[in-house]
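Heads up, the thing below is written out as C-alpha coordinates.
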Amino acid sequence: MTAPVVIHWFRQDLRLSDNPALTAACDAGEVIPVYVLNDSEKGARDHGGATQNWLHYSLKALNESLNGQLLIMRGDPSAIIKNLLRDTKGAGVFWNRCYEPWRIEHDAQLKSELQESGVNANSFNGSLLWEPWQVAKPDGTPYKVFTPFYQKGCRRAPEPRKPLPVPEPMQLHPVKANGALSVEELSLIDNRPWSAKLRDSWEQGELAAQNRLYAFLEKGISNYKEGRNFPALMHTSRLSPHLHFGEISPNQIWWALSMREDTHDIDHFRNELGWREFSYSLLFYNPTLPQINLNARFDNFPWVSDDQRLLAWQKGQTGIPIVDAGMRELWQTGYMHNRLRMIVGSFLVKNLLLDWRLGEAWFWDCLVDADLASNSASWQWIAGCGADAAPYFRIFNPVLQGEKFDCYGDYTRHFLPELKELPDKFLYKPWEAPQNILQNAGVALGETYPLPIVELRKSREEALRAFKKTK
DNA sequence: TTTTGAGTTGTTCGA
DNA sequence: GTCGAACAACTCAAA
(Lines give C-alpha, C1' and ligand atoms only; values in the text may rest on other atoms or scores of the structure.)
Protein backbone atom coordinates (compact mmCIF):
# COMPACT_ATOMS: atom_id res chain seq x y z
CA MET A 1 0.00 0.00 0.00
CA THR A 2 1.36 3.39 -0.97
CA ALA A 3 1.23 6.45 1.21
CA PRO A 4 -1.59 8.90 0.55
CA VAL A 5 -0.82 12.04 -1.40
CA VAL A 6 -1.39 15.35 0.39
CA ILE A 7 -0.85 18.99 -0.45
CA HIS A 8 1.02 21.55 1.61
CA TRP A 9 -0.11 24.95 0.49
CA PHE A 10 2.72 27.44 1.17
CA ARG A 11 1.56 30.97 1.88
CA GLN A 12 3.18 33.31 4.38
CA ASP A 13 5.16 30.43 5.84
CA LEU A 14 8.06 30.16 3.41
CA ARG A 15 10.18 27.90 5.61
CA LEU A 16 10.62 24.24 6.43
CA SER A 17 11.43 24.46 10.13
CA ASP A 18 8.77 25.15 12.74
CA ASN A 19 6.09 24.78 10.12
CA PRO A 20 3.14 23.05 11.80
CA ALA A 21 1.11 22.49 8.63
CA LEU A 22 4.07 21.10 6.72
CA THR A 23 4.94 18.81 9.62
CA ALA A 24 1.38 17.51 9.74
CA ALA A 25 1.35 17.03 5.97
CA CYS A 26 4.55 15.01 6.13
CA ASP A 27 3.03 12.85 8.85
CA ALA A 28 0.02 12.27 6.65
CA GLY A 29 1.75 11.08 3.50
CA GLU A 30 3.68 12.11 0.42
CA VAL A 31 3.62 15.86 0.08
CA ILE A 32 3.06 18.11 -2.93
CA PRO A 33 4.44 21.50 -1.93
CA VAL A 34 2.61 24.23 -3.80
CA TYR A 35 2.68 28.02 -3.88
CA VAL A 36 -0.11 29.91 -5.63
CA LEU A 37 0.28 33.53 -6.65
CA ASN A 38 -3.15 35.05 -6.70
CA ASP A 39 -3.02 38.56 -8.10
CA SER A 40 -6.68 38.97 -8.86
CA GLU A 41 -8.14 38.10 -5.51
CA LYS A 42 -11.56 39.49 -4.77
CA GLY A 43 -11.49 42.24 -2.16
CA ALA A 44 -7.76 41.81 -1.84
CA ARG A 45 -4.89 44.20 -1.91
CA ASP A 46 -2.11 43.31 -4.31
CA HIS A 47 1.46 43.00 -3.18
CA GLY A 48 3.35 46.25 -3.00
CA GLY A 49 6.39 46.62 -5.24
CA ALA A 50 8.88 45.89 -2.49
CA THR A 51 7.18 42.80 -1.09
CA GLN A 52 6.74 41.47 -4.59
CA ASN A 53 10.45 41.82 -5.10
CA TRP A 54 11.14 40.06 -1.81
CA LEU A 55 8.75 37.25 -2.68
CA HIS A 56 10.69 36.47 -5.84
CA TYR A 57 13.89 35.71 -3.98
CA SER A 58 12.15 34.08 -1.07
CA LEU A 59 10.38 31.63 -3.38
CA LYS A 60 13.67 30.86 -5.07
CA ALA A 61 15.24 30.06 -1.71
CA LEU A 62 12.31 27.90 -0.70
CA ASN A 63 12.32 26.06 -3.99
CA GLU A 64 16.01 25.35 -3.57
CA SER A 65 15.50 23.93 -0.11
CA LEU A 66 12.86 21.63 -1.66
CA ASN A 67 15.31 20.47 -4.33
CA GLY A 68 13.47 22.37 -7.00
CA GLN A 69 10.22 20.55 -6.34
CA LEU A 70 8.09 23.51 -5.28
CA LEU A 71 5.06 23.61 -7.56
CA ILE A 72 4.41 27.23 -8.49
CA MET A 73 1.08 28.26 -9.92
CA ARG A 74 -0.82 31.42 -10.64
CA GLY A 75 -4.56 31.95 -10.28
CA ASP A 76 -7.36 31.15 -7.88
CA PRO A 77 -5.98 28.88 -5.15
CA SER A 78 -9.30 27.12 -4.56
CA ALA A 79 -9.59 26.01 -8.15
CA ILE A 80 -5.94 25.07 -8.40
CA ILE A 81 -5.98 23.01 -5.23
CA LYS A 82 -9.16 21.21 -6.21
CA ASN A 83 -7.75 20.37 -9.63
CA LEU A 84 -4.55 19.17 -8.10
CA LEU A 85 -6.43 16.94 -5.67
CA ARG A 86 -8.43 15.48 -8.53
CA ASP A 87 -5.41 14.84 -10.77
CA THR A 88 -3.28 13.27 -8.06
CA LYS A 89 -6.05 11.54 -6.10
CA GLY A 90 -4.91 13.66 -3.17
CA ALA A 91 -6.39 12.94 0.21
CA GLY A 92 -5.61 16.06 2.18
CA VAL A 93 -4.63 19.73 2.17
CA PHE A 94 -2.61 21.46 4.86
CA TRP A 95 -1.88 25.13 5.34
CA ASN A 96 -0.96 27.72 7.94
CA ARG A 97 -3.54 30.39 8.56
CA CYS A 98 -3.41 33.93 7.15
CA TYR A 99 -5.22 36.85 8.74
CA GLU A 100 -5.97 39.30 5.95
CA PRO A 101 -9.76 39.66 5.98
CA TRP A 102 -10.19 38.45 2.41
CA ARG A 103 -8.02 35.41 3.07
CA ILE A 104 -9.96 34.49 6.19
CA GLU A 105 -13.11 34.52 4.12
CA HIS A 106 -11.58 32.60 1.24
CA ASP A 107 -10.00 29.96 3.46
CA ALA A 108 -13.14 29.32 5.46
CA GLN A 109 -15.06 28.65 2.30
CA LEU A 110 -12.36 26.45 0.81
CA LYS A 111 -12.10 24.43 3.98
CA SER A 112 -15.80 23.72 4.20
CA GLU A 113 -15.98 22.83 0.50
CA LEU A 114 -13.07 20.42 0.82
CA GLN A 115 -14.42 18.82 3.94
CA GLU A 116 -17.82 18.35 2.32
CA SER A 117 -16.18 16.48 -0.52
CA GLY A 118 -14.40 14.23 1.90
CA VAL A 119 -10.96 15.83 1.72
CA ASN A 120 -8.94 16.17 4.86
CA ALA A 121 -8.48 19.95 5.07
CA ASN A 122 -6.42 21.30 7.96
CA SER A 123 -5.25 24.75 8.91
CA PHE A 124 -2.66 25.55 11.56
CA ASN A 125 -1.16 28.46 13.43
CA GLY A 126 2.20 29.10 11.86
CA SER A 127 2.47 32.88 12.10
CA LEU A 128 1.44 34.00 15.56
CA LEU A 129 2.42 33.28 19.14
CA TRP A 130 -1.25 33.35 20.05
CA GLU A 131 -4.31 33.17 17.86
CA PRO A 132 -6.39 36.33 18.14
CA TRP A 133 -9.23 34.37 19.69
CA GLN A 134 -6.94 32.95 22.38
CA VAL A 135 -6.30 36.37 23.89
CA ALA A 136 -9.36 38.03 25.36
CA LYS A 137 -10.51 39.78 28.49
CA PRO A 138 -12.24 37.64 31.11
CA ASP A 139 -15.59 38.72 29.64
CA GLY A 140 -14.56 37.36 26.26
CA THR A 141 -14.16 40.66 24.42
CA PRO A 142 -10.87 41.66 22.77
CA TYR A 143 -8.37 44.06 24.33
CA LYS A 144 -7.99 47.57 22.97
CA VAL A 145 -4.99 48.63 25.03
CA PHE A 146 -1.58 47.09 24.52
CA THR A 147 -0.28 46.76 28.06
CA PRO A 148 -3.13 44.67 29.47
CA PHE A 149 -3.36 42.76 26.16
CA TYR A 150 0.23 41.69 26.51
CA GLN A 151 0.77 41.56 30.26
CA LYS A 152 -2.49 39.92 31.18
CA GLY A 153 -4.09 38.50 28.07
CA CYS A 154 -1.08 36.89 26.43
CA ARG A 155 0.38 35.64 29.68
CA ARG A 156 -2.93 34.08 30.67
CA ALA A 157 -3.13 32.26 27.31
CA PRO A 158 -1.30 28.97 26.68
CA GLU A 159 2.46 29.16 26.25
CA PRO A 160 3.55 29.59 22.62
CA ARG A 161 4.44 26.41 20.77
CA LYS A 162 8.06 25.30 20.98
CA PRO A 163 9.65 25.34 17.52
CA LEU A 164 9.34 22.18 15.45
CA PRO A 165 12.29 20.72 13.55
CA VAL A 166 12.35 20.37 9.78
CA PRO A 167 10.07 17.38 9.12
CA GLU A 168 12.02 14.15 8.73
CA PRO A 169 11.50 12.30 6.52
CA MET A 170 9.94 14.63 4.02
CA GLN A 171 8.62 12.53 1.15
CA LEU A 172 7.83 14.79 -1.74
CA HIS A 173 5.42 13.63 -4.38
CA PRO A 174 6.60 14.49 -7.89
CA VAL A 175 3.88 16.01 -9.99
CA LYS A 176 3.52 17.42 -13.48
CA ALA A 177 0.78 19.99 -13.36
CA ASN A 178 -0.65 22.02 -16.19
CA GLY A 179 0.21 25.64 -15.63
CA ALA A 180 3.24 25.03 -13.46
CA LEU A 181 5.58 28.02 -13.59
CA SER A 182 9.11 28.86 -12.65
CA VAL A 183 9.69 31.66 -10.16
CA GLU A 184 10.93 33.85 -13.02
CA GLU A 185 7.72 33.30 -14.92
CA LEU A 186 5.78 34.96 -12.12
CA SER A 187 7.45 38.22 -13.23
CA LEU A 188 7.76 39.50 -9.70
CA ILE A 189 10.88 41.54 -10.42
CA ASP A 190 11.69 43.99 -13.16
CA ASN A 191 14.74 45.75 -14.54
CA ARG A 192 14.37 49.02 -12.69
CA PRO A 193 17.46 50.07 -10.75
CA TRP A 194 15.17 50.13 -7.73
CA SER A 195 14.91 46.33 -7.87
CA ALA A 196 18.65 45.96 -7.91
CA LYS A 197 18.98 48.29 -4.92
CA LEU A 198 16.59 46.21 -2.88
CA ARG A 199 18.54 43.15 -3.88
CA ASP A 200 21.72 44.69 -2.51
CA SER A 201 20.18 45.48 0.84
CA TRP A 202 18.76 42.12 1.81
CA GLU A 203 19.13 38.38 1.71
CA GLN A 204 15.93 36.40 1.60
CA GLY A 205 15.03 32.91 2.70
CA GLU A 206 14.89 30.74 5.77
CA LEU A 207 18.63 30.41 6.22
CA ALA A 208 19.16 34.16 5.88
CA ALA A 209 16.42 34.75 8.45
CA GLN A 210 18.06 32.41 10.93
CA ASN A 211 21.41 34.08 10.34
CA ARG A 212 19.83 37.48 10.89
CA LEU A 213 18.34 36.35 14.18
CA TYR A 214 21.59 34.99 15.49
CA ALA A 215 23.57 38.00 14.31
CA PHE A 216 21.10 40.19 16.17
CA LEU A 217 21.33 38.08 19.32
CA GLU A 218 25.12 38.27 19.13
CA LYS A 219 25.56 41.95 18.41
CA GLY A 220 22.30 43.90 18.52
CA ILE A 221 20.24 42.83 21.49
CA SER A 222 22.63 44.02 24.14
CA ASN A 223 21.48 47.58 24.85
CA TYR A 224 18.47 47.07 22.60
CA LYS A 225 16.10 48.99 24.88
CA GLU A 226 18.08 52.20 24.43
CA GLY A 227 19.89 51.53 21.20
CA ARG A 228 16.74 50.75 19.22
CA ASN A 229 15.98 54.46 19.14
CA PHE A 230 19.14 55.41 17.29
CA PRO A 231 18.91 54.78 13.57
CA ALA A 232 22.66 54.95 13.00
CA LEU A 233 23.23 52.04 15.40
CA MET A 234 22.57 48.41 14.59
CA HIS A 235 20.26 47.73 17.49
CA THR A 236 17.12 46.74 15.67
CA SER A 237 16.61 43.18 14.53
CA ARG A 238 15.49 43.87 10.95
CA LEU A 239 13.61 40.60 11.11
CA SER A 240 10.29 42.14 10.05
CA PRO A 241 10.37 41.15 6.35
CA HIS A 242 11.45 37.63 7.26
CA LEU A 243 8.58 37.45 9.72
CA HIS A 244 6.12 38.81 7.20
CA PHE A 245 6.86 36.03 4.75
CA GLY A 246 7.21 33.42 7.44
CA GLU A 247 10.84 32.69 6.66
CA ILE A 248 11.13 32.60 10.43
CA SER A 249 8.35 32.11 12.95
CA PRO A 250 7.75 34.30 16.00
CA ASN A 251 8.00 31.10 18.04
CA GLN A 252 11.56 30.52 16.87
CA ILE A 253 12.43 34.04 17.98
CA TRP A 254 10.51 33.79 21.24
CA TRP A 255 12.23 30.60 22.32
CA ALA A 256 15.65 31.72 21.14
CA LEU A 257 15.19 34.70 23.48
CA SER A 258 14.14 32.51 26.36
CA MET A 259 17.37 30.54 26.07
CA ARG A 260 19.22 33.65 27.18
CA GLU A 261 19.56 35.36 30.48
CA ASP A 262 16.53 37.53 31.05
CA THR A 263 17.46 41.20 30.76
CA HIS A 264 15.60 44.44 30.16
CA ASP A 265 16.76 44.23 26.56
CA ILE A 266 15.41 40.72 26.01
CA ASP A 267 12.17 41.65 27.69
CA HIS A 268 11.76 44.75 25.60
CA PHE A 269 12.37 42.89 22.39
CA ARG A 270 9.81 40.29 23.42
CA ASN A 271 7.43 43.19 23.93
CA GLU A 272 7.87 44.13 20.28
CA LEU A 273 6.77 40.66 19.27
CA GLY A 274 3.79 41.39 21.50
CA TRP A 275 3.04 44.49 19.44
CA ARG A 276 2.98 42.38 16.35
CA GLU A 277 0.44 40.11 18.00
CA PHE A 278 -1.57 43.14 19.11
CA SER A 279 -1.72 44.44 15.54
CA TYR A 280 -3.00 41.09 14.31
CA SER A 281 -5.61 41.06 17.03
CA LEU A 282 -6.74 44.57 16.08
CA LEU A 283 -7.05 43.58 12.43
CA PHE A 284 -8.85 40.36 13.27
CA TYR A 285 -11.49 42.11 15.33
CA ASN A 286 -11.59 45.20 13.08
CA PRO A 287 -11.33 44.02 9.48
CA THR A 288 -11.67 47.60 8.25
CA LEU A 289 -8.54 48.67 10.14
CA PRO A 290 -6.66 49.40 6.87
CA GLN A 291 -9.37 51.81 5.68
CA ILE A 292 -11.47 53.17 8.54
CA ASN A 293 -10.47 55.24 11.57
CA LEU A 294 -10.78 53.14 14.70
CA ASN A 295 -11.75 56.31 16.49
CA ALA A 296 -14.72 57.74 14.61
CA ARG A 297 -13.96 61.21 15.92
CA PHE A 298 -11.42 61.43 13.09
CA ASP A 299 -14.00 60.74 10.41
CA ASN A 300 -14.58 64.44 9.87
CA PHE A 301 -10.98 65.52 10.27
CA PRO A 302 -10.21 68.21 7.66
CA TRP A 303 -7.38 66.48 5.81
CA VAL A 304 -5.64 68.59 3.22
CA SER A 305 -5.56 67.47 -0.40
CA ASP A 306 -2.22 68.47 -1.89
CA ASP A 307 -0.35 66.28 -4.35
CA GLN A 308 2.74 68.47 -4.26
CA ARG A 309 3.13 67.96 -0.54
CA LEU A 310 2.60 64.25 -0.85
CA LEU A 311 5.15 63.96 -3.63
CA ALA A 312 7.74 65.93 -1.69
CA TRP A 313 7.22 63.62 1.29
CA GLN A 314 7.44 60.48 -0.84
CA LYS A 315 10.62 61.57 -2.56
CA GLY A 316 12.37 62.85 0.55
CA GLN A 317 12.30 66.46 -0.60
CA THR A 318 10.40 68.19 2.20
CA GLY A 319 13.32 70.33 3.26
CA ILE A 320 13.22 68.81 6.78
CA PRO A 321 16.43 66.76 6.87
CA ILE A 322 15.52 63.99 9.30
CA VAL A 323 12.23 63.42 7.49
CA ASP A 324 13.91 63.31 4.10
CA ALA A 325 16.59 60.96 5.39
CA GLY A 326 13.93 58.52 6.55
CA MET A 327 11.98 58.70 3.32
CA ARG A 328 15.13 58.13 1.30
CA GLU A 329 16.12 55.17 3.43
CA LEU A 330 12.73 53.71 2.58
CA TRP A 331 13.12 54.34 -1.12
CA GLN A 332 16.68 53.09 -1.29
CA THR A 333 16.47 50.03 0.92
CA GLY A 334 12.81 49.06 1.24
CA TYR A 335 13.09 49.58 4.96
CA MET A 336 12.89 52.38 7.48
CA HIS A 337 14.13 52.41 11.04
CA ASN A 338 11.30 52.41 13.55
CA ARG A 339 12.19 55.80 15.02
CA LEU A 340 12.03 57.31 11.53
CA ARG A 341 8.69 55.67 10.78
CA MET A 342 7.25 57.61 13.70
CA ILE A 343 8.93 60.85 12.71
CA VAL A 344 7.87 60.78 9.06
CA GLY A 345 4.41 59.55 9.99
CA SER A 346 3.86 62.31 12.50
CA PHE A 347 5.14 64.81 9.96
CA LEU A 348 2.80 63.62 7.20
CA VAL A 349 -0.27 63.66 9.38
CA LYS A 350 0.40 66.52 11.76
CA ASN A 351 2.51 68.95 9.79
CA LEU A 352 1.40 68.30 6.23
CA LEU A 353 -2.15 67.49 7.38
CA LEU A 354 -2.34 64.66 4.86
CA ASP A 355 -4.57 61.66 5.48
CA TRP A 356 -2.75 58.75 7.17
CA ARG A 357 -4.09 56.42 4.48
CA LEU A 358 -1.83 58.13 1.94
CA GLY A 359 1.16 57.35 4.11
CA GLU A 360 -0.05 53.82 4.66
CA ALA A 361 -0.37 53.27 0.91
CA TRP A 362 3.16 54.55 0.22
CA PHE A 363 4.62 52.35 2.94
CA TRP A 364 2.65 49.42 1.56
CA ASP A 365 4.31 49.85 -1.79
CA CYS A 366 7.84 50.58 -0.61
CA LEU A 367 8.41 48.48 2.49
CA VAL A 368 9.83 45.00 2.16
CA ASP A 369 8.08 44.22 5.44
CA ALA A 370 4.72 45.70 4.38
CA ASP A 371 2.22 43.81 6.48
CA LEU A 372 -1.46 44.59 6.53
CA ALA A 373 -1.88 44.28 10.28
CA SER A 374 1.28 46.05 11.43
CA ASN A 375 1.20 48.76 8.80
CA SER A 376 -2.39 49.83 9.28
CA ALA A 377 -2.34 49.52 13.07
CA SER A 378 0.82 51.62 13.25
CA TRP A 379 -0.42 54.33 10.91
CA GLN A 380 -3.63 54.64 12.89
CA TRP A 381 -1.55 54.83 16.03
CA ILE A 382 0.68 57.66 14.85
CA ALA A 383 -2.30 59.53 13.38
CA GLY A 384 -3.98 59.42 16.77
CA CYS A 385 -7.08 57.57 15.60
CA GLY A 386 -5.89 54.06 16.42
CA ALA A 387 -5.96 51.77 19.43
CA ASP A 388 -4.05 52.98 22.42
CA ALA A 389 -2.92 55.91 20.32
CA ALA A 390 -0.69 58.72 21.39
CA PRO A 391 -2.75 61.79 22.24
CA TYR A 392 -3.16 63.93 19.18
CA PHE A 393 -1.26 66.84 20.69
CA ARG A 394 1.83 64.66 20.97
CA ILE A 395 3.41 65.98 17.80
CA PHE A 396 6.99 65.14 16.97
CA ASN A 397 9.34 68.02 16.37
CA PRO A 398 11.60 66.67 13.61
CA VAL A 399 14.43 69.05 14.51
CA LEU A 400 14.52 67.87 18.10
CA GLN A 401 14.09 64.26 17.06
CA GLY A 402 17.10 64.54 14.78
CA GLU A 403 19.23 66.20 17.41
CA LYS A 404 18.21 63.66 20.00
CA PHE A 405 18.31 60.37 18.09
CA ASP A 406 20.88 61.05 15.38
CA CYS A 407 23.09 63.26 17.49
CA TYR A 408 26.25 62.71 15.42
CA GLY A 409 24.35 63.03 12.17
CA ASP A 410 25.63 59.75 10.77
CA TYR A 411 22.23 58.59 9.60
CA THR A 412 21.15 61.91 8.16
CA ARG A 413 24.42 62.50 6.36
CA HIS A 414 24.35 59.00 4.90
CA PHE A 415 21.02 59.55 3.20
CA LEU A 416 21.42 63.28 2.52
CA PRO A 417 24.92 63.53 1.08
CA GLU A 418 24.11 67.04 -0.17
CA LEU A 419 24.12 68.19 3.46
CA LYS A 420 27.03 66.20 4.73
CA GLU A 421 29.37 69.16 5.10
CA LEU A 422 26.97 71.04 7.33
CA PRO A 423 27.99 71.23 10.99
CA ASP A 424 25.83 69.25 13.46
CA LYS A 425 24.35 72.44 14.80
CA PHE A 426 22.51 73.18 11.56
CA LEU A 427 22.19 69.71 10.07
CA TYR A 428 18.59 69.35 11.19
CA LYS A 429 17.61 72.95 10.47
CA PRO A 430 19.64 74.25 7.54
CA TRP A 431 17.17 77.10 7.07
CA GLU A 432 18.54 78.65 10.26
CA ALA A 433 22.16 78.45 9.18
CA PRO A 434 23.96 81.70 8.35
CA GLN A 435 24.73 82.19 4.68
CA ASN A 436 28.48 81.71 5.02
CA ILE A 437 28.08 78.37 6.77
CA LEU A 438 25.77 77.16 4.04
CA GLN A 439 28.21 78.36 1.45
CA ASN A 440 31.16 76.63 3.07
CA ALA A 441 29.15 73.42 3.13
CA GLY A 442 28.24 73.77 -0.52
CA VAL A 443 24.55 74.07 0.28
CA ALA A 444 22.27 76.41 -1.65
CA LEU A 445 18.80 76.17 -0.15
CA GLY A 446 16.14 75.94 -2.80
CA GLU A 447 18.73 74.62 -5.25
CA THR A 448 20.87 71.81 -3.86
CA TYR A 449 18.38 71.09 -1.08
CA PRO A 450 14.79 72.33 -0.70
CA LEU A 451 13.57 74.95 1.69
CA PRO A 452 11.05 73.50 4.17
CA ILE A 453 7.69 72.97 2.48
CA VAL A 454 5.92 73.90 5.70
CA GLU A 455 6.86 75.97 8.70
CA LEU A 456 7.09 73.59 11.64
CA ARG A 457 5.62 75.77 14.36
CA LYS A 458 2.84 77.13 12.25
CA SER A 459 1.76 73.80 10.80
CA ARG A 460 1.81 72.23 14.24
CA GLU A 461 -0.58 74.84 15.57
CA GLU A 462 -2.77 74.40 12.54
CA ALA A 463 -3.00 70.67 13.20
CA LEU A 464 -3.97 71.25 16.81
CA ARG A 465 -6.68 73.68 15.73
CA ALA A 466 -7.97 71.22 13.14
CA PHE A 467 -8.13 68.50 15.75
CA LYS A 468 -10.05 70.69 18.18
CA LYS A 469 -12.70 71.23 15.55
CA THR A 470 -13.43 67.50 15.24
CA LYS A 471 -15.89 66.58 17.92
C1' DT B 1 -23.04 49.36 38.32
C1' DT B 2 -19.61 52.30 39.95
C1' DT B 3 -15.22 53.72 40.74
C1' DT B 4 -10.45 54.13 40.16
C1' DG B 5 -6.14 54.23 37.96
C1' DA B 6 -3.77 54.11 33.90
C1' DG B 7 -2.53 54.55 29.04
C1' DT B 8 4.86 52.83 23.70
C1' DT B 9 7.94 56.00 21.75
C1' DG B 10 6.55 64.28 22.96
C1' DT B 11 6.94 69.27 23.16
C1' DT B 12 6.78 73.66 25.11
C1' DC B 13 6.84 76.95 28.57
C1' DG B 14 8.19 79.05 32.58
C1' DA B 15 10.66 78.85 36.83
C1' DG C 1 20.93 73.54 31.43
C1' DT C 2 17.30 71.22 34.10
C1' DC C 3 12.90 70.36 35.94
C1' DG C 4 7.90 69.91 36.43
C1' DA C 5 3.61 71.07 34.72
C1' DA C 6 0.45 71.74 31.04
C1' DC C 7 -1.25 70.10 26.95
C1' DA C 8 -7.59 67.46 27.16
C1' DA C 9 -10.23 64.77 27.87
C1' DC C 10 -11.47 59.97 27.08
C1' DT C 11 -11.67 55.24 27.03
C1' DC C 12 -10.30 51.11 28.77
C1' DA C 13 -9.53 47.37 32.24
C1' DA C 14 -10.35 45.61 36.37
C1' DA C 15 -11.61 45.71 41.10
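Labels for the C-alpha coordinates follow display order: chains A, B, ..., residues from 1 in each chain, ligands from 1.
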Given only C-alpha atoms (C1' of nucleotides), how would the per-residue table for chain A near chain C read, listing every residue at most 9 Å away with its closest atom pair and distance in Å to one decimal, sorted by chain and number, as CSV?
residue,atom,partner,partner_atom,distance
A:Lys137,CA,C:DA13,C1',8.5
A:Tyr143,CA,C:DC12,C1',8.6
A:Lys144,CA,C:DC12,C1',7.2
A:Val145,CA,C:DC12,C1',7.0
A:Pro148,CA,C:DA13,C1',7.5
A:Pro391,CA,C:DA8,C1',8.9
A:Phe393,CA,C:DC7,C1',7.1
A:Arg394,CA,C:DC7,C1',8.7
Residues from last step as file, N, CA and C atoms, as a short mmCIF file (atom, residue, chain, number, x, y, z; two decimals), in the first residue's frame:
data_model
loop_
_atom_site.label_atom_id
_atom_site.label_comp_id
_atom_site.auth_asym_id
_atom_site.auth_seq_id
_atom_site.Cartn_x
_atom_site.Cartn_y
_atom_site.Cartn_z
N LYS A 137 -10.25 39.42 27.10
CA LYS A 137 -10.51 39.78 28.49
C LYS A 137 -11.38 38.69 29.12
N TYR A 143 -9.04 42.90 23.73
CA TYR A 143 -8.37 44.06 24.33
C TYR A 143 -8.23 45.18 23.32
N LYS A 144 -8.23 46.41 23.83
CA LYS A 144 -7.99 47.57 22.97
C LYS A 144 -6.79 48.39 23.43
N VAL A 145 -6.17 47.94 24.51
CA VAL A 145 -4.99 48.63 25.03
C VAL A 145 -3.85 47.62 25.10
N PRO A 148 -2.38 45.81 28.93
CA PRO A 148 -3.13 44.67 29.47
C PRO A 148 -3.25 43.51 28.47
N PRO A 391 -1.82 60.66 22.33
CA PRO A 391 -2.75 61.79 22.24
C PRO A 391 -2.41 62.64 21.02
N PHE A 393 -2.16 65.69 20.51
CA PHE A 393 -1.26 66.84 20.69
C PHE A 393 0.20 66.43 20.82
N ARG A 394 0.43 65.13 20.90
CA ARG A 394 1.83 64.66 20.97
C ARG A 394 2.39 64.65 19.56
#
Sorted per-residue table, chain A near chain B, closest atoms and distance, 7 Å, only C-alpha atoms (C1' of nucleotides), as JSON lines:
{"residue": "A:Asp388", "atom": "CA", "partner": "B:DG7", "partner_atom": "C1'", "distance": 7.0}
{"residue": "A:Arg394", "atom": "CA", "partner": "B:DG10", "partner_atom": "C1'", "distance": 5.1}
{"residue": "A:Ile395", "atom": "CA", "partner": "B:DG10", "partner_atom": "C1'", "distance": 6.3}
{"residue": "A:Phe396", "atom": "CA", "partner": "B:DG10", "partner_atom": "C1'", "distance": 6.1}
Would you mind exporting the chosen residues as an mmCIF file, in the first residue's frame, restricted to N, CA and C atoms?
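Contents of the output file out10.cif:
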data_model
loop_
_atom_site.group_PDB
_atom_site.id
_atom_site.type_symbol
_atom_site.label_atom_id
_atom_site.label_comp_id
_atom_site.auth_asym_id
_atom_site.auth_seq_id
_atom_site.Cartn_x
_atom_site.Cartn_y
_atom_site.Cartn_z
ATOM 1 N N ASP A 388 -5.107 52.647 21.493
ATOM 2 C CA ASP A 388 -4.046 52.978 22.419
ATOM 3 C C ASP A 388 -3.133 54.068 21.867
ATOM 4 N N ARG A 394 0.433 65.127 20.901
ATOM 5 C CA ARG A 394 1.825 64.662 20.970
ATOM 6 C C ARG A 394 2.392 64.654 19.559
ATOM 7 N N ILE A 395 2.917 65.804 19.165
ATOM 8 C CA ILE A 395 3.407 65.983 17.804
ATOM 9 C C ILE A 395 4.927 66.018 17.818
ATOM 10 N N PHE A 396 5.530 65.188 17.014
ATOM 11 C CA PHE A 396 6.993 65.139 16.970
ATOM 12 C C PHE A 396 7.543 66.428 16.357
#
Strand (DSSP E) per DSSP on the backbone: members of region 87-267 of chain A, as a list of chain:residue names: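 So, restricting region 87-267 of chain A to strand (DSSP E), we get A:Gly92, A:Val93, A:Phe94, A:Trp95, A:Asn96, A:Asn120, A:Ala121, A:Asn122, A:Ser123, A:Phe124.
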Every residue of region 245-415 of chain A that DSSP places in helix (DSSP H, G or I), as a PyMOL selection string: chain A and resi 250-258+264-285+296-300+307-315+321-333+338-350+356-366+372-383+398-405+410-415
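Each of A:Cys407, A:Leu352, A:Ala463, A:Ala25 was compared to Pro169 (chain A) using only C-alpha atoms, and A:Ala25 turns out to be the nearest.
Residues within 8 Å of Cys26 (chain A), counting only C-alpha atoms (C1' of nucleotides) and excluding same-chain residues fewer than 4 positions away, are Leu22, Glu30, Val31, Pro167, Glu168, Pro169, Met170 and Gln171 of chain A.
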Which of A:Trp54, A:Phe146, A:Phe245, A:Trp313 sits closest to Gly126 (chain A) [using only C-alpha atoms]: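 Closest to Gly126 (chain A), using only C-alpha atoms: A:Phe245.
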